[in-house]
$ cat query.txt   # compact mmCIF, C-alpha atoms
# COMPACT_ATOMS: atom_id res chain seq x y z
CA MET V 1464 -32.93 -0.45 -18.91
CA LEU V 1465 -29.22 0.49 -18.68
CA SER V 1466 -29.79 1.77 -15.15
CA LYS V 1467 -31.41 -1.53 -14.13
CA ILE V 1468 -28.56 -3.55 -15.69
CA ASN V 1469 -26.03 -1.38 -13.85
CA ALA V 1470 -27.83 -1.88 -10.52
CA TRP V 1471 -28.10 -5.65 -11.15
CA LEU V 1472 -24.37 -5.90 -11.90
CA HIS V 1473 -23.49 -3.86 -8.81
CA LEU V 1474 -25.60 -6.11 -6.59
CA TRP V 1475 -24.59 -9.57 -7.77
CA LEU V 1476 -20.94 -8.83 -8.48
CA GLY V 1477 -20.77 -7.28 -5.02
CA LEU V 1478 -22.20 -10.42 -3.44
CA ALA V 1479 -19.79 -12.59 -5.45
CA ALA V 1480 -16.60 -10.73 -4.52
CA GLY V 1481 -17.63 -9.45 -1.10
CA ILE V 1482 -15.55 -11.70 1.15
CA PRO V 1483 -12.28 -11.40 -0.86
CA VAL V 1484 -12.67 -7.61 -0.95
CA ILE V 1485 -13.12 -7.48 2.83
CA ILE V 1486 -9.97 -9.57 3.35
CA LEU V 1487 -7.95 -7.52 0.85
CA GLY V 1488 -9.09 -4.27 2.47
CA ILE V 1489 -8.28 -5.31 6.05
CA THR V 1490 -4.92 -6.89 5.21
CA GLY V 1491 -4.07 -3.84 3.10
CA CYS V 1492 -4.72 -1.58 6.10
CA VAL V 1493 -2.30 -3.59 8.22
CA LEU V 1494 0.44 -3.81 5.60
CA VAL V 1495 0.48 -0.04 4.94
CA PHE V 1496 2.21 0.55 8.29
CA GLU V 1497 4.18 -2.71 8.49
CA HIS V 1498 7.64 -1.09 8.47
CA ASP V 1499 6.59 1.72 10.82
CA ILE V 1500 5.11 -0.71 13.35
CA LYS V 1501 8.18 -2.97 13.22
CA GLU V 1502 10.47 -0.02 13.89
CA LEU V 1503 8.40 1.05 16.91
CA THR V 1504 8.01 -2.44 18.39
CA THR V 1505 11.55 -3.82 17.90
CA ASP V 1506 15.01 -2.84 19.15
CA TYR V 1507 17.05 -4.27 16.28
CA ILE V 1508 15.96 -2.25 13.23
CA HIS V 1509 16.61 1.35 14.29
CA ILE V 1510 20.20 2.05 15.37
CA GLU V 1511 22.33 5.09 16.16
CA SER V 1512 23.41 6.77 12.94
CA ARG V 1513 27.08 7.17 12.01
CA THR V 1514 28.93 8.34 8.89
CA THR V 1515 28.92 6.69 5.49
CA GLU V 1516 32.63 5.84 5.76
CA GLU V 1517 31.99 3.85 8.95
CA GLN V 1518 29.58 1.42 7.28
CA LEU V 1519 31.14 -2.03 6.90
CA PRO V 1520 31.11 -3.73 3.46
CA PRO V 1521 29.03 -6.83 2.61
CA SER V 1522 31.99 -9.16 3.18
CA ALA V 1523 32.18 -8.14 6.85
CA ILE V 1524 28.43 -8.64 7.25
CA TYR V 1525 28.69 -12.04 5.56
CA LYS V 1526 31.53 -13.27 7.79
CA SER V 1527 29.74 -12.11 10.93
CA VAL V 1528 26.52 -13.95 10.07
CA LYS V 1529 28.45 -17.01 8.92
CA SER V 1530 30.22 -17.19 12.30
CA VAL V 1531 26.84 -17.36 14.03
CA LEU V 1532 25.07 -19.53 11.44
CA PRO V 1533 27.81 -21.62 9.78
CA ASP V 1534 25.35 -24.09 8.21
CA LYS V 1535 23.25 -21.43 6.46
CA ASP V 1536 23.71 -20.12 2.91
CA ILE V 1537 23.63 -16.32 2.86
CA ALA V 1538 21.83 -14.78 -0.12
CA SER V 1539 22.00 -11.00 0.22
CA SER V 1540 22.53 -8.00 2.48
CA TRP V 1541 19.97 -5.18 2.58
CA TYR V 1542 21.48 -1.89 3.71
CA ASN V 1543 18.57 0.38 4.68
CA GLY V 1544 20.30 3.63 5.53
CA LEU V 1545 22.66 5.08 8.14
CA ASP V 1546 20.17 4.71 11.00
CA LYS V 1547 18.98 1.17 10.14
CA SER V 1548 20.47 -2.26 10.67
CA VAL V 1549 21.40 -4.45 7.70
CA LYS V 1550 18.84 -7.16 6.93
CA VAL V 1551 20.47 -10.38 5.75
CA SER V 1552 18.41 -12.95 3.86
CA LEU V 1553 19.23 -16.65 3.97
CA ASP V 1554 18.63 -19.24 1.26
CA HIS V 1555 16.01 -21.91 2.07
CA SER V 1556 15.24 -20.40 5.47
CA ASP V 1557 12.32 -18.66 7.18
CA SER V 1558 14.71 -16.58 9.29
CA LEU V 1559 16.05 -13.07 8.73
CA VAL V 1560 19.23 -11.80 10.38
CA TYR V 1561 19.70 -8.17 11.46
CA VAL V 1562 23.27 -6.89 11.75
CA ASN V 1563 24.77 -3.62 12.96
CA PRO V 1564 26.45 -2.09 9.84
CA TYR V 1565 29.15 -0.37 11.93
CA THR V 1566 30.23 -3.21 14.25
CA ALA V 1567 29.00 -6.32 12.32
CA GLU V 1568 27.29 -7.45 15.53
CA VAL V 1569 24.35 -9.79 14.93
CA LEU V 1570 21.47 -7.98 16.63
CA ALA V 1571 18.67 -10.49 16.05
CA ILE V 1572 17.63 -13.62 14.21
CA VAL V 1573 13.94 -13.24 13.44
CA ASP V 1574 11.40 -15.68 12.07
CA HIS V 1575 10.10 -14.32 8.76
CA GLU V 1576 6.80 -16.16 9.31
CA ASP V 1577 5.40 -13.46 11.60
CA PHE V 1578 2.05 -11.68 11.84
CA PHE V 1579 2.80 -9.36 8.91
CA HIS V 1580 3.88 -12.27 6.73
CA PHE V 1581 0.55 -13.92 7.56
CA MET V 1582 -1.27 -10.74 6.53
CA ASP V 1583 0.83 -10.52 3.35
CA GLU V 1584 -0.12 -14.08 2.38
CA GLY V 1585 -3.77 -13.21 2.91
CA HIS V 1586 -3.43 -10.12 0.76
CA ARG V 1587 -1.61 -11.93 -2.05
CA HIS V 1588 -3.52 -15.22 -2.23
CA LEU V 1589 -6.13 -15.33 0.59
CA TRP V 1590 -4.17 -18.07 2.44
CA MET V 1591 -5.08 -20.46 -0.36
CA PRO V 1592 -2.64 -22.45 -2.55
CA VAL V 1593 -0.65 -19.77 -4.38
CA LYS V 1594 -1.71 -20.56 -7.96
CA ILE V 1595 -5.41 -20.67 -7.07
CA GLY V 1596 -5.33 -17.84 -4.55
CA ARG V 1597 -3.62 -15.38 -6.88
CA GLN V 1598 -6.26 -15.99 -9.52
CA VAL V 1599 -9.03 -15.45 -6.97
CA VAL V 1600 -7.39 -12.23 -5.78
CA GLY V 1601 -6.83 -11.02 -9.35
CA TRP V 1602 -10.37 -11.62 -10.53
CA SER V 1603 -11.86 -10.29 -7.27
CA THR V 1604 -9.86 -7.10 -7.82
CA PHE V 1605 -11.16 -6.95 -11.40
CA ILE V 1606 -14.75 -7.34 -10.15
CA PHE V 1607 -14.18 -4.66 -7.51
CA PHE V 1608 -12.95 -2.31 -10.25
CA ILE V 1609 -16.26 -2.85 -12.10
CA LEU V 1610 -18.13 -2.32 -8.81
CA LEU V 1611 -16.44 1.05 -8.37
CA ILE V 1612 -17.61 2.16 -11.83
CA THR V 1613 -21.16 0.86 -11.39
CA GLY V 1614 -21.23 2.35 -7.89
CA LEU V 1615 -20.28 5.77 -9.23
CA ILE V 1616 -23.14 5.55 -11.76
CA LEU V 1617 -25.58 4.62 -8.98
CA TRP V 1618 -24.26 7.43 -6.77
CA TRP V 1619 -24.53 10.11 -9.47
CA PRO V 1620 -27.49 12.41 -8.60
CA LYS V 1621 -30.23 12.83 -11.20
CA LYS V 1622 -30.50 16.50 -10.27
CA TRP V 1623 -27.76 18.66 -8.79
CA ASN V 1624 -29.79 20.64 -6.27
CA LYS V 1625 -29.20 21.40 -2.59
CA ARG V 1626 -31.03 18.29 -1.36
CA SER V 1627 -29.19 15.91 -3.71
CA ARG V 1628 -25.83 17.42 -2.77
CA GLU V 1629 -26.53 16.89 0.93
CA GLN V 1630 -27.55 13.28 0.31
CA SER V 1631 -24.51 12.59 -1.87
CA PHE V 1632 -21.78 14.27 0.15
CA THR V 1633 -22.83 14.15 3.81
CA ILE V 1634 -23.71 11.46 6.34
CA LYS V 1635 -26.83 12.03 8.46
CA TRP V 1636 -25.53 10.82 11.81
CA LYS V 1637 -28.80 11.67 13.59
CA ALA V 1638 -30.90 9.50 11.27
CA LYS V 1639 -31.91 5.86 11.87
CA PHE V 1640 -29.32 3.10 11.51
CA LYS V 1641 -30.61 2.04 8.09
CA ARG V 1642 -30.06 5.56 6.72
CA ILE V 1643 -26.64 5.88 8.37
CA ASN V 1644 -25.61 2.54 6.85
CA TYR V 1645 -26.77 3.72 3.42
CA ASP V 1646 -24.78 6.95 3.77
CA LEU V 1647 -21.69 5.06 4.92
CA HIS V 1648 -21.87 2.96 1.76
CA ASN V 1649 -22.84 5.76 -0.60
CA VAL V 1650 -20.87 8.76 0.69
CA LEU V 1651 -17.70 7.08 1.95
CA GLY V 1652 -17.62 4.98 -1.21
CA PHE V 1653 -17.52 8.16 -3.27
CA TYR V 1654 -14.80 9.83 -1.17
CA SER V 1655 -12.54 6.77 -1.38
CA LEU V 1656 -13.22 6.21 -5.10
CA THR V 1657 -10.06 7.77 -6.56
CA ILE V 1658 -7.64 5.93 -4.25
CA ALA V 1659 -9.65 2.71 -4.62
CA LEU V 1660 -9.36 2.92 -8.41
CA VAL V 1661 -5.59 3.45 -8.16
CA MET V 1662 -5.25 0.46 -5.81
CA CYS V 1663 -7.35 -1.67 -8.16
CA LEU V 1664 -5.50 -0.75 -11.33
CA THR V 1665 -2.05 -1.22 -9.77
CA GLY V 1666 -3.22 -4.53 -8.27
CA LEU V 1667 -4.46 -5.68 -11.68
CA ILE V 1668 -1.09 -4.80 -13.23
CA MET V 1669 0.53 -7.09 -10.64
CA SER V 1670 -2.02 -9.87 -11.20
CA PHE V 1671 -2.38 -10.08 -14.96
CA PRO V 1672 0.47 -9.83 -17.52
CA TRP V 1673 -2.02 -8.91 -20.26
CA ILE V 1674 -3.15 -5.85 -18.29
CA ARG V 1675 0.46 -4.88 -17.64
CA SER V 1676 1.35 -5.18 -21.35
CA SER V 1677 -1.81 -3.21 -22.26
CA VAL V 1678 -0.81 -0.35 -19.95
CA VAL V 1679 2.70 -0.40 -21.41
CA TRP V 1680 1.26 -0.18 -24.94
CA LEU V 1681 -1.25 2.56 -24.05
CA THR V 1682 1.42 4.73 -22.41
CA GLY V 1683 3.84 4.55 -25.33
CA GLY V 1684 6.18 1.73 -24.32
CA TYR V 1685 9.59 1.60 -22.70
CA PRO V 1686 12.47 3.76 -23.97
CA ASN V 1687 14.63 2.08 -26.58
CA ARG V 1688 17.84 1.37 -24.69
CA PRO V 1689 20.53 -0.84 -26.24
CA LYS V 1690 21.18 -4.08 -24.42
CA ILE V 1691 24.66 -4.28 -22.90
CA GLU V 1692 26.47 -7.37 -24.06
CA LYS V 1693 27.75 -9.88 -21.50
CA THR V 1694 31.37 -10.91 -21.25
CA ASN V 1695 32.44 -13.82 -23.43
CA GLU V 1696 32.05 -17.04 -21.45
CA GLU V 1697 35.49 -18.23 -22.58
CA GLU V 1698 37.04 -15.33 -20.67
CA GLN V 1699 35.20 -16.19 -17.46
CA ILE V 1700 37.11 -18.11 -14.82
CA ASP V 1701 35.68 -19.90 -11.79
CA ARG V 1702 36.71 -18.10 -8.62
CA PRO V 1703 36.71 -19.06 -4.92
CA LEU V 1704 34.37 -17.79 -2.19
CA ASN V 1705 36.70 -15.07 -0.92
CA ASP V 1706 36.76 -13.59 -4.41
CA ALA V 1707 32.95 -13.67 -4.49
CA LEU V 1708 32.92 -11.57 -1.32
CA ARG V 1709 35.40 -9.19 -2.88
CA VAL V 1710 33.11 -8.84 -5.90
CA ALA V 1711 30.15 -8.07 -3.59
CA ASP V 1712 32.22 -5.39 -1.83
CA GLN V 1713 33.33 -3.80 -5.09
CA ILE V 1714 29.78 -3.69 -6.44
CA TRP V 1715 28.56 -2.18 -3.14
CA TYR V 1716 31.13 0.62 -3.38
CA LYS V 1717 30.46 1.09 -7.10
CA VAL V 1718 26.70 1.39 -6.61
CA ARG V 1719 26.96 3.93 -3.79
CA TYR V 1720 29.53 6.19 -5.42
CA GLU V 1721 28.85 5.80 -9.14
CA TYR V 1722 25.19 4.88 -9.63
CA ALA V 1723 23.08 5.81 -6.59
CA LYS V 1724 21.24 9.10 -6.83
CA TYR V 1725 18.73 8.90 -3.95
CA ASN V 1726 19.18 7.48 -0.45
CA LYS V 1727 22.70 6.36 -1.35
CA GLU V 1728 23.32 4.40 1.86
CA ALA V 1729 20.36 2.10 1.12
CA VAL V 1730 21.69 -0.65 -1.16
CA ILE V 1731 20.87 -4.33 -1.68
CA VAL V 1732 23.72 -6.58 -2.77
CA HIS V 1733 23.46 -10.30 -3.62
CA TYR V 1734 26.39 -12.57 -2.92
CA PRO V 1735 27.32 -14.36 -6.16
CA GLU V 1736 27.37 -18.14 -6.15
CA ARG V 1737 29.92 -20.11 -8.18
CA GLU V 1738 27.63 -20.53 -11.19
CA ASP V 1739 26.44 -16.90 -11.25
CA LYS V 1740 27.69 -14.84 -14.17
CA THR V 1741 25.89 -11.68 -13.07
CA VAL V 1742 25.40 -10.09 -9.66
CA TYR V 1743 22.20 -8.25 -8.71
CA ALA V 1744 22.19 -4.98 -6.80
CA CYS V 1745 19.47 -2.46 -5.99
CA THR V 1746 19.66 1.25 -5.25
CA ASP V 1747 17.60 4.48 -5.28
CA MET V 1748 15.13 2.92 -2.84
CA GLU V 1749 12.93 5.85 -1.96
CA GLY V 1750 9.18 6.40 -1.82
CA GLY V 1751 8.41 2.79 -2.67
CA THR V 1752 10.45 2.82 -5.90
CA TRP V 1753 13.85 1.30 -6.61
CA ARG V 1754 16.43 0.82 -9.35
CA ASP V 1755 17.55 -2.67 -10.44
CA LEU V 1756 21.14 -3.15 -11.53
CA ASN V 1757 22.87 -6.26 -12.88
CA PHE V 1758 26.67 -6.39 -12.99
CA ASP V 1759 28.93 -8.70 -14.93
CA ARG V 1760 30.72 -10.70 -12.25
CA TYR V 1761 34.12 -10.51 -13.95
CA THR V 1762 34.23 -7.00 -15.41
CA LEU V 1763 31.99 -5.33 -12.79
CA GLU V 1764 30.23 -3.48 -15.61
CA LEU V 1765 26.48 -3.21 -16.03
CA THR V 1766 24.95 -5.93 -18.16
CA GLY V 1767 21.51 -6.45 -19.69
CA ARG V 1768 19.19 -3.48 -20.11
CA LYS V 1769 20.40 -0.47 -18.16
CA GLN V 1770 17.87 1.08 -15.76
CA GLY V 1771 18.46 4.75 -15.06
CA PRO V 1772 17.28 6.97 -12.18
CA ILE V 1773 13.50 7.24 -11.82
CA ASP V 1774 13.48 10.95 -12.75
CA GLU V 1775 14.96 10.07 -16.15
CA ALA V 1776 12.28 7.47 -16.91
CA ASN V 1777 9.59 8.05 -19.53
CA THR V 1778 5.87 7.71 -18.70
CA THR V 1779 5.71 3.93 -19.15
CA GLU V 1780 8.84 3.14 -17.17
CA TRP V 1781 7.84 5.55 -14.37
CA LEU V 1782 4.41 3.93 -14.06
CA MET V 1783 5.80 0.40 -14.01
CA ARG V 1784 8.54 1.21 -11.52
CA SER V 1785 6.14 3.22 -9.34
CA ASN V 1786 3.38 0.61 -9.48
CA TYR V 1787 4.21 -0.85 -6.05
CA ALA V 1788 4.45 2.61 -4.47
CA LEU V 1789 1.13 3.64 -6.02
CA HIS V 1790 -0.49 0.41 -4.81
CA THR V 1791 0.71 0.64 -1.22
CA GLY V 1792 0.68 4.40 -0.56
CA PHE V 1793 4.48 4.62 -0.18
CA ILE V 1794 4.61 7.13 -3.04
CA GLY V 1795 4.17 10.19 -0.81
CA GLY V 1796 5.45 9.06 2.59
CA MET V 1797 3.37 9.14 5.76
CA THR V 1798 0.68 11.44 4.29
CA THR V 1799 -0.28 9.05 1.50
CA LYS V 1800 0.06 6.06 3.84
CA ILE V 1801 -2.63 7.54 6.09
CA ILE V 1802 -4.86 8.31 3.08
CA TYR V 1803 -4.43 4.77 1.75
CA PHE V 1804 -5.12 3.28 5.18
CA ILE V 1805 -8.44 5.13 5.42
CA ALA V 1806 -9.39 4.30 1.81
CA SER V 1807 -8.51 0.62 2.29
CA LEU V 1808 -10.58 0.49 5.48
CA VAL V 1809 -13.55 2.04 3.67
CA CYS V 1810 -13.18 -0.52 0.84
CA ALA V 1811 -13.31 -3.31 3.44
CA THR V 1812 -16.60 -1.93 4.82
CA LEU V 1813 -18.34 -1.46 1.44
CA PRO V 1814 -19.35 -5.15 0.99
CA ILE V 1815 -20.72 -5.17 4.56
CA THR V 1816 -22.78 -1.98 4.28
CA GLY V 1817 -23.86 -2.98 0.76
CA PHE V 1818 -25.01 -6.40 1.97
CA TYR V 1819 -27.08 -4.78 4.74
CA ILE V 1820 -28.75 -2.48 2.18
CA TRP V 1821 -29.63 -5.48 -0.01
CA TRP V 1822 -30.80 -7.56 2.97
CA GLY V 1823 -33.03 -4.72 4.19
CA LYS V 1824 -34.68 -4.37 0.76
CA LYS V 1825 -35.11 -8.14 0.51
CA ARG V 1826 -36.85 -8.36 3.90
CA LYS V 1827 -39.08 -5.44 2.95
CA ALA V 1828 -40.03 -7.17 -0.32
CA ILE V 1829 -40.94 -10.39 1.55
CA LYS V 1830 -43.10 -8.59 4.12
CA LYS V 1831 -45.00 -6.46 1.57
CA PRO V 1832 -47.14 -9.28 -0.04
CA LYS V 1833 -48.26 -10.45 3.41
CA ARG V 1834 -49.60 -7.01 4.28
CA THR V 1835 -51.43 -6.82 0.93
CA GLN V 1836 -53.02 -10.23 1.53
CA LEU V 1837 -54.29 -9.21 4.99
CA ALA V 1838 -55.75 -6.00 3.64
CA THR V 1839 -57.63 -7.97 0.94
CA THR V 1840 -59.03 -10.42 3.51
$ encode --input "query.txt" --output "structure tokens"
Amino acid sequence: MLSKINAWLHLWLGLAAGIPVIILGITGCVLVFEHDIKELTTDYIHIESRTTEEQLPPSAIYKSVKSVLPDKDIASSWYNGLDKSVKVSLDHSDSLVYVNPYTAEVLAIVDHEDFFHFMDEGHRHLWMPVKIGRQVVGWSTFIFFILLITGLILWWPKKWNKRSREQSFTIKWKAKFKRINYDLHNVLGFYSLTIALVMCLTGLIMSFPWIRSSVVWLTGGYPNRPKIEKTNEEEQIDRPLNDALRVADQIWYKVRYEYAKYNKEAVIVHYPEREDKTVYACTDMEGGTWRDLNFDRYTLELTGRKQGPIDEANTTEWLMRSNYALHTGFIGGMTTKIIYFIASLVCATLPITGFYIWWGKKRKAIKKPKRTQLATT
């Protein structure tokens, strides 16, 4: 009875979530190599590397972009290393600006709404309205997680002999198409199971706060760090734009020389607006993880809850901060990217091969009564 229930769940849940899973798998394949493809196909991201001291501060980048786009509000500068251009984000704009960090030359103004952005929207909310699409993606991912468990139960051999091992671990390429299709679903599904489960769980953490809080509770919770008090508002004075640029420069230097531990020349700095009391910066961007920092605008000291280097994090903090890297395959560089690409591609094919298995059985069941009727006649 349990076996029949498991098979029934695997069938109908698979039919229900098939199309979203195909879309998520295909878009996931594309997005794994987004940054690598952009570097190979553009001439404004990769630049000739120079020394750390030759990198220009955020104020120089700001003034350069402002001279080209005087009507645009500049939000932040993304330094991506000594051999990469600085990516500048603009408020209320679909454009991104790429600037040479050594000469402040504007290399390109690129529309953010490109092919990869289209794929990203499909992966996040299936090109539907965001609120609806995210729910569909979240619950489809949840269903796919159940499908992986029920699929493993269906795959598990009743007897571990030579014949069952061959059927479970190898594809018979010389067999008929129906058998090859079955093996593609059964065998490849098993080989991609571990990575598929990781992608599902990390995707669920992104989709549902209750799953995220459950994982935090199960892993012991965040370390108890005292919250750093903000500066008294009475001591804060409104300052002009030039001073805001000076603050951005000081934070940039402070992050690189006092806080950064990994990939020190890769830093994100936000330009503070007049009403901002804190300034956001990001460092230690390596392997798909990063370190968020918030500075008091007037004292230039860290404020809020201090986030340390990733190697000092406990289990919960490491999992939460590595969630994106574990979901995308960035965690281990090119090797894990390739593994995730293959696993994501297999996941995209599972609803297709599974549907063909079900359709073949259905057609066989329809034809069988007719043959029995003719034999009786």
$ closest_residue --input "query.txt" --among "V:Leu1472, V:Ala1567, V:Ile1508, V:Val1593" --to "Ser1522 of chain V" --atoms "all atoms listed in the file"
V:Ala1567
$ atom_distance --input "query.txt" --atom1 "atom CA of Pro1521 of chain V" --atom2 "atom CA of Ser1556 of chain V"
19.6 Å
$ closest_residue --input "query.txt" --among "V:Met1464, V:Met1582, V:Ala1729, V:Leu1617" --to "Tyr1542 of chain V" --atoms "only C-alpha atoms"
V:Ala1729
$ residues_around --input "query.txt" --residues "Tyr1743 of chain V" --least-positions-apart "3" --cutoff "10 Å" --atoms "all atoms listed in the file" --output "PDB file with C-alpha atoms, in the frame of the given file"
ATOM      1  CA  SER V1539      22.000 -11.000   0.220  1.00  0.00           C
ATOM      2  CA  ALA V1711      30.150  -8.070  -3.590  1.00  0.00           C
ATOM      3  CA  ILE V1714      29.780  -3.690  -6.440  1.00  0.00           C
ATOM      4  CA  ILE V1731      20.870  -4.330  -1.680  1.00  0.00           C
ATOM      5  CA  VAL V1732      23.720  -6.580  -2.770  1.00  0.00           C
ATOM      6  CA  HIS V1733      23.460 -10.300  -3.620  1.00  0.00           C
ATOM      7  CA  TYR V1734      26.390 -12.570  -2.920  1.00  0.00           C
ATOM      8  CA  PRO V1735      27.320 -14.360  -6.160  1.00  0.00           C
ATOM      9  CA  ASP V1739      26.440 -16.900 -11.250  1.00  0.00           C
ATOM     10  CA  ASP V1755      17.550  -2.670 -10.440  1.00  0.00           C
ATOM     11  CA  LEU V1756      21.140  -3.150 -11.530  1.00  0.00           C
ATOM     12  CA  ASN V1757      22.870  -6.260 -12.880  1.00  0.00           C
ATOM     13  CA  PHE V1758      26.670  -6.390 -12.990  1.00  0.00           C
ATOM     14  CA  ASP V1759      28.930  -8.700 -14.930  1.00  0.00           C
ATOM     15  CA  ARG V1760      30.720 -10.700 -12.250  1.00  0.00           C
ATOM     16  CA  LEU V1765      26.480  -3.210 -16.030  1.00  0.00           C
TER      17      LEU V1765
END
$ atom_distance --input "query.txt" --atom1 "atom CA of Phe1653 of chain V" --atom2 "atom CA of Trp1781 of chain V"
27.8 Å
$ atom_distance --input "query.txt" --atom1 "atom CA of Ile1606 of chain V" --atom2 "atom CA of Thr1798 of chain V"
28.3 Å
$ closest_atom_pairs --input "query.txt" --of "segment 1727-1834 of chain V" --to "segment 1661-1680 of chain V" --cutoff "7 Å" --atoms "only C-alpha atoms" --output "CSV"
residue,atom,partner,partner_atom,distance
V:Thr1779,CA,V:Val1679,CA,5.7
V:Asn1786,CA,V:Thr1665,CA,5.7
V:Leu1789,CA,V:Thr1665,CA,6.9
V:His1790,CA,V:Met1662,CA,4.9
$ residues_near_point --input "query.txt" --point "(19.3, 5.9, -1.1)" --cutoff "8 Å" --atoms "all atoms listed in the file" --output "tab-separated table (two decimals) with C-alpha atoms, in the coordinates of the input"
chain	number	residue	atom	x	y	z
V	1544	GLY	CA	20.30	3.63	5.53
V	1723	ALA	CA	23.08	5.81	-6.59
V	1724	LYS	CA	21.24	9.10	-6.83
V	1725	TYR	CA	18.73	8.90	-3.95
V	1726	ASN	CA	19.18	7.48	-0.45
V	1727	LYS	CA	22.70	6.36	-1.35
V	1728	GLU	CA	23.32	4.40	1.86
V	1729	ALA	CA	20.36	2.10	1.12
V	1730	VAL	CA	21.69	-0.65	-1.16
V	1746	THR	CA	19.66	1.25	-5.25
V	1747	ASP	CA	17.60	4.48	-5.28
V	1748	MET	CA	15.13	2.92	-2.84
V	1749	GLU	CA	12.93	5.85	-1.96
$ axis_aligned_box --input "query.txt" --around "segment 1564-1582 of chain V" --padding-each-side "3 Å" --output "JSON"
{"center_x": 14.5, "center_y": -8.3, "center_z": 11.6, "size_x": 37.5, "size_y": 21.8, "size_z": 16.1}
$ closest_residue --input "query.txt" --among "V:Ala1811, V:Ala1828, V:Ala1744, V:Leu1656" --to "Gly1614 of chain V" --atoms "all atoms listed in the file"
V:Leu1656
$ residues_around --input "query.txt" --residues "Ile1486 of chain V" --least-positions-apart "4" --cutoff "8 Å" --atoms "only C-alpha atoms" --output "PDB file with C-alpha atoms, keeping the file's coordinate frame"
ATOM      1  CA  ILE V1482     -15.550 -11.700   1.150  1.00  0.00           C
ATOM      2  CA  THR V1490      -4.920  -6.890   5.210  1.00  0.00           C
ATOM      3  CA  GLY V1585      -3.770 -13.210   2.910  1.00  0.00           C
ATOM      4  CA  HIS V1586      -3.430 -10.120   0.760  1.00  0.00           C
ATOM      5  CA  LEU V1589      -6.130 -15.330   0.590  1.00  0.00           C
ATOM      6  CA  ALA V1811     -13.310  -3.310   3.440  1.00  0.00           C
TER       7      ALA V1811
END
